[in-house]
file entry-v2.txt (compact mmCIF, C-alpha atoms and all ligand atoms)
# COMPACT_ATOMS: atom_id res chain seq x y z
CA MET A 1147 -129.74 -94.04 -27.09
CA ASN A 1148 -129.95 -90.34 -27.91
CA ASN A 1149 -128.74 -89.49 -31.40
CA ASN A 1150 -128.90 -85.75 -30.79
CA ILE A 1151 -126.13 -85.63 -28.24
CA VAL A 1152 -124.30 -82.33 -28.14
CA ALA A 1153 -120.95 -82.09 -26.39
CA VAL A 1154 -119.64 -78.79 -25.07
CA TYR A 1155 -115.92 -78.07 -25.02
CA PRO A 1156 -115.50 -75.06 -22.73
CA GLY A 1157 -112.33 -73.10 -22.20
CA SER A 1158 -110.63 -69.76 -22.35
CA PHE A 1159 -108.63 -70.63 -25.50
CA ASP A 1160 -106.26 -67.68 -25.16
CA PRO A 1161 -105.17 -68.50 -27.83
CA PRO A 1162 -106.43 -71.75 -29.39
CA THR A 1163 -103.53 -74.19 -29.92
CA LYS A 1164 -103.07 -77.27 -32.06
CA GLY A 1165 -103.62 -79.25 -28.85
CA HIS A 1166 -107.13 -77.75 -28.55
CA LEU A 1167 -107.76 -78.49 -32.23
CA ASP A 1168 -106.69 -82.10 -31.67
CA ILE A 1169 -109.26 -82.47 -28.86
CA ILE A 1170 -111.99 -80.81 -30.96
CA SER A 1171 -111.24 -83.12 -33.87
CA ARG A 1172 -111.43 -86.21 -31.62
CA ALA A 1173 -114.68 -85.01 -29.99
CA SER A 1174 -116.22 -84.31 -33.40
CA LYS A 1175 -115.71 -87.96 -34.35
CA ILE A 1176 -117.46 -89.21 -31.22
CA PHE A 1177 -120.35 -86.75 -30.88
CA PRO A 1178 -122.83 -85.70 -33.58
CA LYS A 1179 -122.35 -82.05 -32.60
CA VAL A 1180 -119.66 -80.23 -30.63
CA ILE A 1181 -119.99 -76.68 -29.32
CA VAL A 1182 -116.73 -74.96 -28.44
CA ALA A 1183 -117.83 -72.56 -25.69
CA ILE A 1184 -115.41 -69.73 -25.01
CA THR A 1185 -115.47 -67.68 -21.85
CA GLU A 1186 -113.37 -65.68 -19.42
CA ASN A 1187 -111.29 -67.54 -16.88
CA TYR A 1188 -111.30 -65.18 -13.92
CA ASN A 1189 -108.06 -66.76 -12.64
CA LYS A 1190 -106.17 -65.80 -15.80
CA HIS A 1191 -105.15 -62.57 -17.48
CA HIS A 1192 -106.18 -62.82 -21.13
CA MET A 1193 -104.08 -61.56 -24.02
CA PHE A 1194 -106.89 -61.76 -26.58
CA ASN A 1195 -110.36 -60.41 -25.84
CA LEU A 1196 -113.39 -62.70 -26.06
CA GLN A 1197 -114.35 -61.63 -29.59
CA GLU A 1198 -110.79 -62.19 -30.84
CA ARG A 1199 -110.72 -65.66 -29.30
CA VAL A 1200 -114.12 -66.52 -30.81
CA ASP A 1201 -112.98 -65.29 -34.24
CA MET A 1202 -109.70 -67.24 -34.09
CA MET A 1203 -111.51 -70.40 -33.04
CA LYS A 1204 -114.21 -70.03 -35.74
CA GLU A 1205 -111.54 -69.67 -38.41
CA SER A 1206 -109.57 -72.63 -37.00
CA VAL A 1207 -112.51 -75.09 -37.00
CA SER A 1208 -114.23 -73.90 -40.18
CA ASN A 1209 -113.31 -77.18 -41.93
CA ILE A 1210 -115.05 -79.39 -39.33
CA LYS A 1211 -118.75 -79.55 -40.20
CA ASN A 1212 -120.26 -80.61 -36.87
CA VAL A 1213 -118.42 -78.04 -34.72
CA GLU A 1214 -119.89 -74.69 -33.68
CA VAL A 1215 -118.27 -71.89 -31.71
CA ASP A 1216 -120.16 -69.95 -29.05
CA SER A 1217 -119.29 -67.78 -26.06
CA PHE A 1218 -120.82 -67.45 -22.62
CA SER A 1219 -120.42 -65.49 -19.43
CA GLY A 1220 -121.10 -66.68 -15.90
CA LEU A 1221 -121.20 -70.27 -14.78
CA LEU A 1222 -120.63 -73.12 -17.22
CA ALA A 1223 -123.36 -75.03 -15.34
CA ASP A 1224 -125.87 -72.27 -16.18
CA TYR A 1225 -124.79 -72.17 -19.83
CA LEU A 1226 -125.31 -75.94 -20.09
CA VAL A 1227 -128.86 -75.57 -18.74
CA LYS A 1228 -129.51 -72.78 -21.25
CA ILE A 1229 -128.46 -74.89 -24.25
CA GLU A 1230 -129.79 -78.14 -22.70
CA SER A 1231 -126.55 -80.10 -23.18
CA PHE A 1232 -124.82 -81.73 -20.27
CA PHE A 1233 -121.76 -83.45 -21.74
CA VAL A 1234 -118.58 -81.48 -21.13
CA ILE A 1235 -115.35 -82.30 -22.95
CA ARG A 1236 -112.01 -81.44 -21.40
CA GLY A 1237 -108.51 -82.34 -22.52
CA LEU A 1238 -106.13 -84.13 -20.17
CA ARG A 1239 -102.49 -83.72 -21.11
CA ALA A 1240 -100.68 -85.07 -18.09
CA LEU A 1241 -101.14 -85.99 -14.47
CA SER A 1242 -100.52 -82.35 -13.57
CA ASP A 1243 -103.85 -81.40 -15.21
CA PHE A 1244 -105.75 -83.97 -13.24
CA GLU A 1245 -106.28 -82.26 -9.89
CA TYR A 1246 -107.73 -79.06 -11.37
CA GLU A 1247 -109.87 -80.97 -13.88
CA PHE A 1248 -111.13 -83.39 -11.23
CA GLN A 1249 -112.10 -80.48 -8.99
CA MET A 1250 -113.87 -78.68 -11.82
CA ALA A 1251 -115.72 -81.79 -13.02
CA LEU A 1252 -117.00 -82.60 -9.56
CA MET A 1253 -117.88 -78.98 -8.79
CA ASN A 1254 -119.89 -78.77 -12.01
CA ARG A 1255 -121.66 -82.01 -11.09
CA THR A 1256 -122.37 -80.64 -7.62
CA LEU A 1257 -123.97 -77.59 -9.26
CA ASN A 1258 -126.02 -79.83 -11.56
CA GLN A 1259 -126.18 -83.63 -11.29
CA LYS A 1260 -126.85 -83.93 -15.02
CA ILE A 1261 -123.37 -82.69 -15.96
CA GLU A 1262 -120.92 -85.41 -17.05
CA THR A 1263 -117.34 -84.47 -17.91
CA ILE A 1264 -115.56 -86.59 -20.49
CA PHE A 1265 -111.78 -86.38 -20.71
CA LEU A 1266 -109.95 -86.85 -23.98
CA MET A 1267 -106.20 -87.13 -24.39
CA PRO A 1268 -104.54 -85.20 -27.18
CA ASP A 1269 -101.92 -86.75 -29.43
CA GLN A 1270 -98.77 -87.17 -27.37
CA ILE A 1271 -96.96 -84.58 -29.51
CA TYR A 1272 -99.21 -81.95 -27.90
CA THR A 1273 -98.97 -83.04 -24.28
CA PHE A 1274 -96.44 -80.30 -23.48
CA LEU A 1275 -98.42 -77.57 -25.23
CA SER A 1276 -100.39 -74.83 -23.46
CA SER A 1277 -101.77 -71.42 -24.37
CA SER A 1278 -99.66 -69.78 -21.67
CA MET A 1279 -96.49 -71.33 -23.07
CA ILE A 1280 -97.37 -70.09 -26.56
CA LYS A 1281 -97.80 -66.54 -25.18
CA GLU A 1282 -94.45 -66.77 -23.41
CA ILE A 1283 -92.61 -68.10 -26.48
CA ALA A 1284 -94.24 -65.46 -28.70
CA GLY A 1285 -93.41 -62.70 -26.23
CA LEU A 1286 -89.76 -63.77 -26.17
CA GLY A 1287 -89.44 -64.03 -29.94
CA GLY A 1288 -89.42 -67.85 -30.25
CA ASP A 1289 -90.85 -69.82 -33.16
CA PHE A 1290 -94.34 -71.16 -32.43
CA LYS A 1291 -95.72 -71.30 -35.99
CA ASN A 1292 -96.22 -75.07 -35.96
CA LEU A 1293 -97.91 -75.14 -32.56
CA VAL A 1294 -100.98 -73.03 -33.34
CA PRO A 1295 -103.57 -73.08 -36.14
CA GLU A 1296 -102.69 -70.77 -39.06
CA PRO A 1297 -105.43 -68.13 -38.27
CA VAL A 1298 -104.06 -67.87 -34.72
CA TYR A 1299 -100.50 -67.33 -35.96
CA LYS A 1300 -101.69 -64.59 -38.33
CA ARG A 1301 -103.56 -62.79 -35.56
CA PHE A 1302 -100.56 -62.99 -33.24
CA LYS A 1303 -98.44 -61.34 -35.89
CA ILE A 1304 -100.97 -58.54 -36.35
CA LYS A 1305 -101.36 -57.98 -32.60
CA ASN A 1306 -97.63 -57.88 -31.97
CA ASN A 1307 -96.71 -56.00 -35.15
CA LEU A 1308 -94.44 -58.87 -36.25
O1 LIG A 1401 -109.21 -73.21 -20.74
P1 LIG A 1401 -109.38 -73.04 -19.26
O2 LIG A 1401 -109.00 -71.61 -18.86
O3 LIG A 1401 -108.66 -74.08 -18.44
O4 LIG A 1401 -110.94 -73.25 -18.97
C1 LIG A 1401 -111.49 -73.13 -17.69
C2 LIG A 1401 -113.00 -72.83 -17.80
C3 LIG A 1401 -113.22 -71.57 -18.60
C4 LIG A 1401 -113.68 -74.00 -18.48
C5 LIG A 1401 -113.55 -72.67 -16.36
O5 LIG A 1401 -112.84 -71.68 -15.69
C6 LIG A 1401 -115.05 -72.32 -16.37
O6 LIG A 1401 -115.87 -73.19 -16.56
N1 LIG A 1401 -115.37 -71.02 -16.20
C7 LIG A 1401 -116.73 -70.55 -16.18
C8 LIG A 1401 -117.15 -70.16 -14.76
C9 LIG A 1401 -117.47 -71.39 -13.95
O7 LIG A 1401 -118.38 -72.13 -14.25
N2 LIG A 1401 -116.65 -71.61 -12.89
C10 LIG A 1401 -116.78 -72.77 -12.04
C11 LIG A 1401 -116.07 -73.95 -12.66
S1 LIG A 1401 -116.23 -75.36 -11.62
call {"tool": "encode", "arguments": {"input": "entry-v2.txt", "output": "structure tokens"}}
result
Amino acid sequence: MNNNIVAVYPGSFDPPTKGHLDIISRASKIFPKVIVAITENYNKHHMFNLQERVDMMKESVSNIKNVEVDSFSGLLADYLVKIESFFVIRGLRALSDFEYEFQMALMNRTLNQKIETIFLMPDQIYTFLSSSMIKEIAGLGGDFKNLVPEPVYKRFKIKNNL
């Protein structure tokens, strides 16, 4: 039994949502240390740059002691080797997430046999929530205040001159 287990929660977090926070909170109760690792997703167009996403996440998790925020570029598999942690946390909201997550988990394990992906389910009230939906609602003037952490809402308002 290894008491120094570190779990890595990677993602683009553009922006962090309360669904992400729910997963981080659950992971922090299971693992002694959780690193939220923020990166670019080359399949997505990001609204917030990497530094903005790191800052928003740091502010959002500041009350959880065993959570750190980091960023990386390149392959997740290489980042995991660098920090010597091989447990990856991903959130599963619905069956629709499964195919992509399954593919990613097995690809990461193909790149490095040590990598294990652990899926956590958010509270059911967040199963419909995604960063892209938040961006769409915000862009169309809808109310999303209760769906994102407070620091994220503030930054949205600054960015969009609201
Ligand atoms: O929050 P997202 O955008 O769904 O997260 C996807 C992410 C960033 C975890 C994934 O795209 C990733 O790991 N990117 C780093 C590059 C990489 O390792 N690609 C191969 C993944 S099998």
call {"tool": "residues_around", "arguments": {"input": "entry-v2.txt", "residues": "Ile1261 in chain A", "least_positions_apart": "4", "cutoff": "7 Å", "atoms": "only C-alpha atoms", "output": "number ranges by chain"}}
result
A: 1232-1233, 1254-1255
call {"tool": "atom_distance", "arguments": {"input": "entry-v2.txt", "atom1": "CA of Gln1197 in chain A", "atom2": "CA of Ala1183 in chain A"}}
result
12.1 Å
call {"tool": "residues_near_ligand", "arguments": {"input": "entry-v2.txt", "ligand": "ligand LIG 1401 (chain A)", "cutoff": "6 Å", "atoms": "all atoms listed in the file", "output": "PyMOL selection string"}}
result
chain A and resi 1156-1159+1185-1187+1220-1223+1250+1253-1254
call {"tool": "atom_distance", "arguments": {"input": "entry-v2.txt", "atom1": "CA of Ala1173 in chain A", "atom2": "CA of Lys1303 in chain A"}}
result
29.3 Å
call {"tool": "atom_distance", "arguments": {"input": "entry-v2.txt", "atom1": "CA of Val1182 in chain A", "atom2": "CA of Ser1276 in chain A"}}
result
17.1 Å
call {"tool": "closest_residue", "arguments": {"input": "entry-v2.txt", "among": "A:Lys1204, A:His1192, A:Lys1281, A:Lys1179", "to": "Ser1231 in chain A", "atoms": "only C-alpha atoms"}}
result
A:Lys1179
call {"tool": "closest_residue", "arguments": {"input": "entry-v2.txt", "among": "A:Leu1257, A:Glu1198, A:Tyr1188, A:Met1193", "to": "Val1227 in chain A", "atoms": "all atoms listed in the file"}}
result
A:Leu1257
